[in-house]
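Structure below is protein32.cif: mmCIF, C-alpha atoms and all ligand atoms; chains and numbers go by the auth columns.
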```cif
data_entry
#
loop_
_atom_site.group_PDB
_atom_site.id
_atom_site.type_symbol
_atom_site.label_atom_id
_atom_site.label_comp_id
_atom_site.label_asym_id
_atom_site.label_seq_id
_atom_site.Cartn_x
_atom_site.Cartn_y
_atom_site.Cartn_z
_atom_site.B_iso_or_equiv
_atom_site.auth_seq_id
_atom_site.auth_asym_id
ATOM 1 C CA MET A 1 126.763 -194.191 69.277 0.00 1 A
ATOM 2 C CA PRO A 2 125.128 -192.865 72.477 0.00 2 A
ATOM 3 C CA ILE A 3 124.135 -189.163 72.499 0.00 3 A
ATOM 4 C CA LEU A 4 123.762 -188.873 76.298 0.00 4 A
ATOM 5 C CA ARG A 5 125.597 -190.638 79.111 0.00 5 A
ATOM 6 C CA ASN A 6 124.941 -190.591 82.877 0.00 6 A
ATOM 7 C CA CYS A 7 123.019 -187.336 82.923 0.00 7 A
ATOM 8 C CA GLU A 8 121.828 -186.945 86.484 0.00 8 A
ATOM 9 C CA LEU A 9 120.758 -183.555 87.727 0.00 9 A
ATOM 10 C CA ARG A 10 118.831 -182.099 90.622 0.00 10 A
ATOM 11 C CA VAL A 11 117.095 -178.711 90.529 0.00 11 A
ATOM 12 C CA PRO A 12 115.734 -177.664 93.931 0.00 12 A
ATOM 13 C CA GLU A 13 112.131 -176.482 94.199 0.00 13 A
ATOM 14 C CA GLY A 14 111.720 -172.751 93.816 0.00 14 A
ATOM 15 C CA GLN A 15 114.912 -172.384 91.746 0.00 15 A
ATOM 16 C CA LEU A 16 115.870 -171.617 88.158 0.00 16 A
ATOM 17 C CA TRP A 17 118.872 -173.581 86.857 0.00 17 A
ATOM 18 C CA MET A 18 120.430 -173.169 83.437 0.00 18 A
ATOM 19 C CA LEU A 19 121.730 -175.869 81.096 0.00 19 A
ATOM 20 C CA LEU A 20 124.636 -174.631 78.991 0.00 20 A
ATOM 21 C CA GLY A 21 127.000 -176.190 76.490 0.00 21 A
ATOM 22 C CA PRO A 22 128.332 -175.918 72.950 0.00 22 A
ATOM 23 C CA ASN A 23 126.226 -176.757 69.876 0.00 23 A
ATOM 24 C CA GLY A 24 125.606 -180.470 69.654 0.00 24 A
ATOM 25 C CA SER A 25 126.526 -181.174 73.298 0.00 25 A
ATOM 26 C CA GLY A 26 123.107 -182.730 73.953 0.00 26 A
ATOM 27 C CA LYS A 27 121.141 -180.014 75.790 0.00 27 A
ATOM 28 C CA SER A 28 117.957 -180.228 73.704 0.00 28 A
ATOM 29 C CA THR A 29 118.076 -184.008 73.587 0.00 29 A
ATOM 30 C CA LEU A 30 118.360 -184.177 77.378 0.00 30 A
ATOM 31 C CA LEU A 31 115.522 -181.685 77.858 0.00 31 A
ATOM 32 C CA LYS A 32 113.236 -183.564 75.454 0.00 32 A
ATOM 33 C CA ILE A 33 114.027 -186.879 77.124 0.00 33 A
ATOM 34 C CA LEU A 34 113.232 -185.386 80.545 0.00 34 A
ATOM 35 C CA ALA A 35 109.963 -184.059 79.093 0.00 35 A
ATOM 36 C CA GLY A 36 109.041 -187.432 77.605 0.00 36 A
ATOM 37 C CA LEU A 37 109.028 -185.965 74.080 0.00 37 A
ATOM 38 C CA LEU A 38 111.821 -188.350 73.078 0.00 38 A
ATOM 39 C CA ASN A 39 112.294 -191.903 74.258 0.00 39 A
ATOM 40 C CA PRO A 40 115.792 -193.149 74.995 0.00 40 A
ATOM 41 C CA THR A 41 116.792 -196.100 72.814 0.00 41 A
ATOM 42 C CA CYS A 42 118.299 -197.653 75.941 0.00 42 A
ATOM 43 C CA GLY A 43 118.572 -196.763 79.589 0.00 43 A
ATOM 44 C CA THR A 44 115.961 -195.404 81.969 0.00 44 A
ATOM 45 C CA VAL A 45 114.658 -191.921 82.732 0.00 45 A
ATOM 46 C CA TYR A 46 113.425 -190.831 86.138 0.00 46 A
ATOM 47 C CA VAL A 47 111.721 -187.467 86.710 0.00 47 A
ATOM 48 C CA ASP A 48 110.059 -187.344 90.089 0.00 48 A
ATOM 49 C CA ARG A 49 107.496 -184.550 89.580 0.00 49 A
ATOM 50 C CA PRO A 50 104.782 -183.583 87.053 0.00 50 A
ATOM 51 C CA LYS A 51 106.625 -181.753 84.298 0.00 51 A
ATOM 52 C CA SER A 52 105.957 -179.467 81.398 0.00 52 A
ATOM 53 C CA PHE A 53 108.003 -178.471 78.358 0.00 53 A
ATOM 54 C CA VAL A 54 107.931 -174.947 76.939 0.00 54 A
ATOM 55 C CA PHE A 55 109.033 -174.650 73.294 0.00 55 A
ATOM 56 C CA GLN A 56 111.444 -172.142 71.821 0.00 56 A
ATOM 57 C CA ASN A 57 108.676 -170.852 69.551 0.00 57 A
ATOM 58 C CA PRO A 58 105.417 -170.147 71.463 0.00 58 A
ATOM 59 C CA ASP A 59 103.442 -170.489 68.221 0.00 59 A
ATOM 60 C CA HIS A 60 104.162 -174.229 68.490 0.00 60 A
ATOM 61 C CA GLN A 61 102.433 -174.314 71.872 0.00 61 A
ATOM 62 C CA ILE A 62 99.590 -171.818 71.866 0.00 62 A
ATOM 63 C CA VAL A 63 96.434 -173.309 70.390 0.00 63 A
ATOM 64 C CA MET A 64 93.534 -171.066 71.416 0.00 64 A
ATOM 65 C CA PRO A 65 92.553 -167.597 70.159 0.00 65 A
ATOM 66 C CA THR A 66 92.645 -165.688 73.472 0.00 66 A
ATOM 67 C CA VAL A 67 95.025 -165.644 76.415 0.00 67 A
ATOM 68 C CA GLU A 68 92.358 -166.832 78.860 0.00 68 A
ATOM 69 C CA ALA A 69 91.186 -169.693 76.620 0.00 69 A
ATOM 70 C CA ASP A 70 94.731 -170.834 75.947 0.00 70 A
ATOM 71 C CA VAL A 71 95.798 -171.013 79.591 0.00 71 A
ATOM 72 C CA ALA A 72 92.532 -172.828 80.408 0.00 72 A
ATOM 73 C CA PHE A 73 92.936 -175.251 77.492 0.00 73 A
ATOM 74 C CA GLY A 74 95.169 -177.789 79.252 0.00 74 A
ATOM 75 C CA LEU A 75 92.843 -177.888 82.265 0.00 75 A
ATOM 76 C CA GLY A 76 90.183 -179.708 80.254 0.00 76 A
ATOM 77 C CA LYS A 77 91.749 -183.037 81.235 0.00 77 A
ATOM 78 C CA PHE A 78 91.195 -182.402 84.953 0.00 78 A
ATOM 79 C CA ASN A 79 87.863 -182.657 86.663 0.00 79 A
ATOM 80 C CA LEU A 80 87.554 -178.984 87.651 0.00 80 A
ATOM 81 C CA THR A 81 84.594 -176.654 88.130 0.00 81 A
ATOM 82 C CA ALA A 82 84.404 -173.473 86.042 0.00 82 A
ATOM 83 C CA GLU A 83 85.363 -171.494 89.141 0.00 83 A
ATOM 84 C CA GLU A 84 88.432 -173.650 89.803 0.00 84 A
ATOM 85 C CA VAL A 85 89.532 -173.225 86.176 0.00 85 A
ATOM 86 C CA GLN A 86 89.098 -169.464 86.442 0.00 86 A
ATOM 87 C CA ASN A 87 91.106 -169.357 89.687 0.00 87 A
ATOM 88 C CA ARG A 88 93.957 -171.401 88.261 0.00 88 A
ATOM 89 C CA VAL A 89 94.075 -169.300 85.072 0.00 89 A
ATOM 90 C CA SER A 90 94.193 -166.011 86.951 0.00 90 A
ATOM 91 C CA LYS A 91 96.796 -167.262 89.448 0.00 91 A
ATOM 92 C CA ALA A 92 99.037 -168.570 86.636 0.00 92 A
ATOM 93 C CA LEU A 93 98.725 -165.368 84.594 0.00 93 A
ATOM 94 C CA ASP A 94 99.392 -163.314 87.694 0.00 94 A
ATOM 95 C CA SER A 95 102.632 -165.152 88.403 0.00 95 A
ATOM 96 C CA VAL A 96 103.990 -164.368 84.909 0.00 96 A
ATOM 97 C CA GLY A 97 102.757 -160.755 85.005 0.00 97 A
ATOM 98 C CA MET A 98 100.084 -161.230 82.302 0.00 98 A
ATOM 99 C CA SER A 99 96.832 -160.748 84.251 0.00 99 A
ATOM 100 C CA ARG A 100 95.829 -157.659 82.370 0.00 100 A
ATOM 101 C CA TYR A 101 95.972 -159.502 79.043 0.00 101 A
ATOM 102 C CA LEU A 102 93.311 -162.066 80.021 0.00 102 A
ATOM 103 C CA LYS A 103 90.890 -161.252 77.174 0.00 103 A
ATOM 104 C CA ARG A 104 93.500 -160.368 74.548 0.00 104 A
ATOM 105 C CA PRO A 105 93.615 -162.193 71.206 0.00 105 A
ATOM 106 C CA VAL A 106 96.875 -164.112 71.178 0.00 106 A
ATOM 107 C CA GLN A 107 97.923 -162.800 67.774 0.00 107 A
ATOM 108 C CA THR A 108 98.160 -159.266 69.208 0.00 108 A
ATOM 109 C CA LEU A 109 100.879 -160.234 71.722 0.00 109 A
ATOM 110 C CA SER A 110 104.647 -159.842 71.369 0.00 110 A
ATOM 111 C CA GLY A 111 106.886 -162.913 71.244 0.00 111 A
ATOM 112 C CA GLY A 112 107.832 -162.474 74.907 0.00 112 A
ATOM 113 C CA GLN A 113 104.214 -162.066 75.974 0.00 113 A
ATOM 114 C CA LYS A 114 103.311 -165.254 74.090 0.00 114 A
ATOM 115 C CA GLN A 115 106.141 -167.072 75.881 0.00 115 A
ATOM 116 C CA ARG A 116 104.701 -165.939 79.197 0.00 116 A
ATOM 117 C CA VAL A 117 101.241 -167.223 78.192 0.00 117 A
ATOM 118 C CA ALA A 118 102.806 -170.605 77.294 0.00 118 A
ATOM 119 C CA ILE A 119 104.525 -170.703 80.707 0.00 119 A
ATOM 120 C CA ALA A 120 101.235 -169.786 82.431 0.00 120 A
ATOM 121 C CA GLY A 121 99.570 -172.730 80.669 0.00 121 A
ATOM 122 C CA ALA A 122 102.138 -175.062 82.227 0.00 122 A
ATOM 123 C CA LEU A 123 101.786 -173.480 85.675 0.00 123 A
ATOM 124 C CA ALA A 124 97.969 -173.675 85.558 0.00 124 A
ATOM 125 C CA GLU A 125 98.297 -177.449 85.181 0.00 125 A
ATOM 126 C CA SER A 126 100.210 -177.452 88.493 0.00 126 A
ATOM 127 C CA CYS A 127 103.342 -178.845 86.915 0.00 127 A
ATOM 128 C CA LYS A 128 106.230 -178.801 89.369 0.00 128 A
ATOM 129 C CA VAL A 129 109.081 -179.069 86.859 0.00 129 A
ATOM 130 C CA LEU A 130 109.391 -176.556 84.017 0.00 130 A
ATOM 131 C CA LEU A 131 111.639 -177.530 81.099 0.00 131 A
ATOM 132 C CA LEU A 132 112.373 -174.427 79.025 0.00 132 A
ATOM 133 C CA ASP A 133 114.059 -174.734 75.638 0.00 133 A
ATOM 134 C CA GLU A 134 115.964 -171.609 74.545 0.00 134 A
ATOM 135 C CA LEU A 135 112.975 -169.340 75.146 0.00 135 A
ATOM 136 C CA THR A 136 114.799 -166.115 74.403 0.00 136 A
ATOM 137 C CA THR A 137 116.391 -166.943 71.035 0.00 137 A
ATOM 138 C CA PHE A 138 113.939 -164.822 69.033 0.00 138 A
ATOM 139 C CA LEU A 139 113.347 -162.096 71.633 0.00 139 A
ATOM 140 C CA ASP A 140 114.690 -158.571 71.926 0.00 140 A
ATOM 141 C CA GLU A 141 116.413 -157.584 75.168 0.00 141 A
ATOM 142 C CA LYS A 142 113.276 -156.188 76.811 0.00 142 A
ATOM 143 C CA ASP A 143 111.225 -159.334 76.157 0.00 143 A
ATOM 144 C CA GLN A 144 114.212 -161.520 77.090 0.00 144 A
ATOM 145 C CA VAL A 145 114.441 -159.942 80.533 0.00 145 A
ATOM 146 C CA GLY A 146 110.620 -159.968 80.916 0.00 146 A
ATOM 147 C CA VAL A 147 110.450 -163.722 80.253 0.00 147 A
ATOM 148 C CA ILE A 148 113.352 -164.579 82.583 0.00 148 A
ATOM 149 C CA LYS A 149 111.891 -162.455 85.370 0.00 149 A
ATOM 150 C CA ALA A 150 108.470 -164.070 84.871 0.00 150 A
ATOM 151 C CA VAL A 151 110.051 -167.521 85.224 0.00 151 A
ATOM 152 C CA LYS A 152 112.031 -166.400 88.300 0.00 152 A
ATOM 153 C CA ASN A 153 108.877 -165.065 89.909 0.00 153 A
ATOM 154 C CA SER A 154 106.754 -168.102 89.092 0.00 154 A
ATOM 155 C CA VAL A 155 109.307 -170.664 90.287 0.00 155 A
ATOM 156 C CA ALA A 156 109.497 -168.824 93.599 0.00 156 A
ATOM 157 C CA THR A 157 105.745 -168.332 94.094 0.00 157 A
ATOM 158 C CA GLU A 158 104.677 -171.777 92.838 0.00 158 A
ATOM 159 C CA GLN A 159 107.709 -173.682 94.231 0.00 159 A
ATOM 160 C CA VAL A 160 108.525 -175.046 90.782 0.00 160 A
ATOM 161 C CA ALA A 161 111.942 -176.379 89.683 0.00 161 A
ATOM 162 C CA ALA A 162 112.914 -174.824 86.327 0.00 162 A
ATOM 163 C CA LEU A 163 115.621 -176.019 83.911 0.00 163 A
ATOM 164 C CA TRP A 164 116.440 -173.434 81.246 0.00 164 A
ATOM 165 C CA VAL A 165 118.504 -174.283 78.145 0.00 165 A
ATOM 166 C CA THR A 166 120.397 -171.292 76.807 0.00 166 A
ATOM 167 C CA HIS A 167 123.387 -170.173 74.768 0.00 167 A
ATOM 168 C CA ARG A 168 123.393 -166.706 76.284 0.00 168 A
ATOM 169 C CA LEU A 169 125.929 -166.394 79.078 0.00 169 A
ATOM 170 C CA ASP A 170 124.428 -163.021 80.064 0.00 170 A
ATOM 171 C CA GLU A 171 121.359 -164.953 81.300 0.00 171 A
ATOM 172 C CA LEU A 172 123.463 -166.736 83.920 0.00 172 A
ATOM 173 C CA LYS A 173 123.098 -163.784 86.272 0.00 173 A
ATOM 174 C CA TYR A 174 119.435 -164.746 86.770 0.00 174 A
ATOM 175 C CA ALA A 175 120.216 -168.381 87.594 0.00 175 A
ATOM 176 C CA ASP A 176 120.298 -170.059 90.983 0.00 176 A
ATOM 177 C CA GLY A 177 122.620 -172.665 89.488 0.00 177 A
ATOM 178 C CA ALA A 178 123.840 -174.108 86.208 0.00 178 A
ATOM 179 C CA PHE A 179 124.896 -177.354 84.552 0.00 179 A
ATOM 180 C CA CYS A 180 127.368 -177.419 81.670 0.00 180 A
ATOM 181 C CA MET A 181 127.231 -180.186 79.077 0.00 181 A
ATOM 182 C CA GLU A 182 129.902 -181.435 76.751 0.00 182 A
ATOM 183 C CA ASP A 183 129.732 -184.406 74.438 0.00 183 A
ATOM 184 C CA GLY A 184 126.525 -185.771 75.971 0.00 184 A
ATOM 185 C CA ARG A 185 127.665 -185.525 79.595 0.00 185 A
ATOM 186 C CA ILE A 186 127.165 -183.055 82.404 0.00 186 A
ATOM 187 C CA VAL A 187 130.747 -181.959 82.995 0.00 187 A
ATOM 188 C CA MET A 188 130.272 -179.130 85.475 0.00 188 A
ATOM 189 C CA GLN A 189 127.746 -177.894 88.003 0.00 189 A
ATOM 190 C CA MET A 190 127.760 -174.375 89.440 0.00 190 A
ATOM 191 C CA ASP A 191 125.816 -173.098 92.425 0.00 191 A
ATOM 192 C CA GLY A 192 124.881 -169.439 92.898 0.00 192 A
ATOM 193 C CA SER A 193 128.249 -168.415 94.369 0.00 193 A
ATOM 194 C CA SER A 194 130.244 -170.214 91.637 0.00 194 A
ATOM 195 C CA ILE A 195 128.161 -168.362 89.049 0.00 195 A
ATOM 196 C CA ALA A 196 128.867 -165.032 90.763 0.00 196 A
ATOM 197 C CA ASN A 197 132.628 -165.821 90.723 0.00 197 A
ATOM 198 C CA PHE A 198 132.484 -166.908 87.098 0.00 198 A
ATOM 199 C CA LEU A 199 130.675 -163.727 86.026 0.00 199 A
ATOM 200 C CA ARG A 200 133.096 -161.513 88.015 0.00 200 A
ATOM 201 C CA ASN A 201 136.146 -163.082 86.369 0.00 201 A
ATOM 202 C CA ARG A 202 134.743 -163.250 82.847 0.00 202 A
HETATM 203 N N1 LIG B . 117.051 -187.558 66.203 0.00 301 A
HETATM 204 C C1 LIG B . 118.384 -187.657 66.226 0.00 301 A
HETATM 205 N N2 LIG B . 119.009 -188.718 65.694 0.00 301 A
HETATM 206 C C2 LIG B . 120.348 -188.829 65.747 0.00 301 A
HETATM 207 N N3 LIG B . 121.168 -187.921 66.294 0.00 301 A
HETATM 208 C C3 LIG B . 120.597 -186.856 66.845 0.00 301 A
HETATM 209 C C4 LIG B . 119.181 -186.636 66.843 0.00 301 A
HETATM 210 N N4 LIG B . 118.918 -185.472 67.474 0.00 301 A
HETATM 211 C C5 LIG B . 120.112 -184.963 67.849 0.00 301 A
HETATM 212 N N5 LIG B . 121.111 -185.797 67.460 0.00 301 A
HETATM 213 C C6 LIG B . 122.545 -185.582 67.696 0.00 301 A
HETATM 214 O O1 LIG B . 122.734 -185.510 69.102 0.00 301 A
HETATM 215 C C7 LIG B . 123.731 -184.574 69.434 0.00 301 A
HETATM 216 C C8 LIG B . 123.154 -183.570 70.428 0.00 301 A
HETATM 217 O O2 LIG B . 122.176 -182.751 69.771 0.00 301 A
HETATM 218 P P1 LIG B . 121.330 -181.666 70.555 0.00 301 A
HETATM 219 O O3 LIG B . 120.405 -181.036 69.575 0.00 301 A
HETATM 220 O O4 LIG B . 120.743 -182.271 71.764 0.00 301 A
HETATM 221 O O5 LIG B . 122.461 -180.644 71.013 0.00 301 A
HETATM 222 P P2 LIG B . 122.318 -179.187 71.621 0.00 301 A
HETATM 223 O O6 LIG B . 123.350 -179.100 72.691 0.00 301 A
HETATM 224 O O7 LIG B . 120.906 -178.921 72.006 0.00 301 A
HETATM 225 O O8 LIG B . 122.731 -178.310 70.359 0.00 301 A
HETATM 226 P P3 LIG B . 122.314 -176.820 69.955 0.00 301 A
HETATM 227 O O9 LIG B . 122.957 -175.941 70.969 0.00 301 A
HETATM 228 O O10 LIG B . 122.892 -176.661 68.597 0.00 301 A
HETATM 229 O O11 LIG B . 120.811 -176.737 69.966 0.00 301 A
HETATM 230 C C9 LIG B . 124.193 -183.951 68.126 0.00 301 A
HETATM 231 O O12 LIG B . 125.369 -184.603 67.739 0.00 301 A
HETATM 232 C C10 LIG B . 123.063 -184.268 67.164 0.00 301 A
HETATM 233 O O13 LIG B . 123.533 -184.408 65.850 0.00 301 A
#
```
Could you quickly redo this structure as structure tokens?
Amino acid sequence: MPILRNCELRVPEGQLWMLLGPNGSGKSTLLKILAGLLNPTCGTVYVDRPKSFVFQNPDHQIVMPTVEADVAFGLGKFNLTAEEVQNRVSKALDSVGMSRYLKRPVQTLSGGQKQRVAIAGALAESCKVLLLDELTTFLDEKDQVGVIKAVKNSVATEQVAALWVTHRLDELKYADGAFCMEDGRIVMQMDGSSIANFLRNR
């Protein structure tokens, strides 16, 4: 039985869109298929920009002992000079508000700070599509807001398109748009003004 059907979505550059839906509606499956982490058993997937997936638990993503080394890690596959690596790392950390943690051992960071380091790693690789899987599940309110604001800032400054899977309706107020899934399909799309109406009438 198919899990997903006709899931077509467009997130404009420089915007953060949320993907909502009840448990089992297919959000994570869709995100992983878009990221190339899962292959569809049939059908075709098109994603027209370099993309990066950020996991719910940053400990599944962070591999190096310091913030600087971790953000630089993914750049090893490009042919960059040491200066170019340094520039990309500092620009990416700046856009998520983590510049001052450059030399910090990763294990001394909070969950939200680790999430921001993981996002910086994706940005440093110049990915233009960020796929974010329930990043705030394990975070307190302060870290939750810090991570969302970091993503908002980085999508705007780096002209990235971000798709954010969440269960938390309170996060909708940060979104430029949203898709709602049900039973493996995208059943509704909301732009910024529809979200504002929805939140007013909730
Ligand atoms: N590897 C798999 N093999 C078979 N079925 C799967 C697999 N992974 C997920 N499913 C099924 O696909 C459907 C969608 O699951 P998915 O995890 O994408 O939903 P979700 O909307 O992300 O749910 P949640 O909000 O609980 O995380 C569910 O019915 C699930 O049981």
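Atom to atom, CA of Tyr46 in chain A and CA of Arg10 in chain A stand 11.2 Å apart.
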Surroundings of ligand LIG 301 (chain A) up to 7 Å, based on all atoms listed in the file, as number ranges by chain
A: 3, 21-30, 167, 184
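Take CA of Phe53 in chain A and CA of Ala150 in chain A: the distance between them is 15.8 Å.
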Do you have the CA of Pro65 in chain A-CA of Gly112 in chain A distance handy?
16.8 Å
Enumerate, as a ChimeraX atom specification, the residues matched when the PyMOL selection byres (((chain A and resi 100) around 12) and not hetatm) is run on the file above.
/A:67-68,90-91,93-99,101-104,113,117
Residues from last step as file, C-alpha atoms, as an mmCIF file, keeping the file's coordinate frame:
```cif
data_model
loop_
_atom_site.group_PDB
_atom_site.id
_atom_site.type_symbol
_atom_site.label_atom_id
_atom_site.label_comp_id
_atom_site.auth_asym_id
_atom_site.auth_seq_id
_atom_site.Cartn_x
_atom_site.Cartn_y
_atom_site.Cartn_z
ATOM 1 C CA VAL A 67 95.025 -165.644 76.415
ATOM 2 C CA GLU A 68 92.358 -166.832 78.860
ATOM 3 C CA SER A 90 94.193 -166.011 86.951
ATOM 4 C CA LYS A 91 96.796 -167.262 89.448
ATOM 5 C CA LEU A 93 98.725 -165.368 84.594
ATOM 6 C CA ASP A 94 99.392 -163.314 87.694
ATOM 7 C CA SER A 95 102.632 -165.152 88.403
ATOM 8 C CA VAL A 96 103.990 -164.368 84.909
ATOM 9 C CA GLY A 97 102.757 -160.755 85.005
ATOM 10 C CA MET A 98 100.084 -161.230 82.302
ATOM 11 C CA SER A 99 96.832 -160.748 84.251
ATOM 12 C CA TYR A 101 95.972 -159.502 79.043
ATOM 13 C CA LEU A 102 93.311 -162.066 80.021
ATOM 14 C CA LYS A 103 90.890 -161.252 77.174
ATOM 15 C CA ARG A 104 93.500 -160.368 74.548
ATOM 16 C CA GLN A 113 104.214 -162.066 75.974
ATOM 17 C CA VAL A 117 101.241 -167.223 78.192
#
```
Could you name the residues that touch range 173-181 of chain A at 9 Å or less, counting all atoms listed in the file, but leaving out those on the same chain fewer than 2 positions away, as a PyMOL selection string?
chain A and resi 9+11+15-22+25-27+148-149+152+163-164+169-171+183-196+199
Target residues per the PyMOL selection byres (((chain A and resi 137) around 9) and not hetatm), formatted as a list in words
Gln56, Asn57, Glu134, Leu135, Thr136, Phe138, Leu139, Asp140, Gln144, Thr166, His167 and Arg168 of chain A
Judged by only C-alpha atoms, the minimum distance to Arg49 in chain A among A:Lys142, A:Val147, A:Pro2, A:Ala35 is found for A:Ala35
So which residues get picked by the PyMOL selection byres (((chain A and resi 54) around 9) and not hetatm) here, written as a ChimeraX atom specification?
/A:52-53,55-58,61,115,118-119,122,130-133,135
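Each of A:Gly121, A:His60, A:Leu38, A:Asp48 was compared to Phe73 in chain A using only C-alpha atoms, and A:Gly121 turns out to be the nearest.
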Using only C-alpha atoms - which residues lie no farther than 8 Å from the point (100.7, -181.6, 88.4) in the file's frame? Write them as a list in words.
Arg49, Pro50, Lys51, Glu125, Ser126, Cys127 and Lys128 of chain A
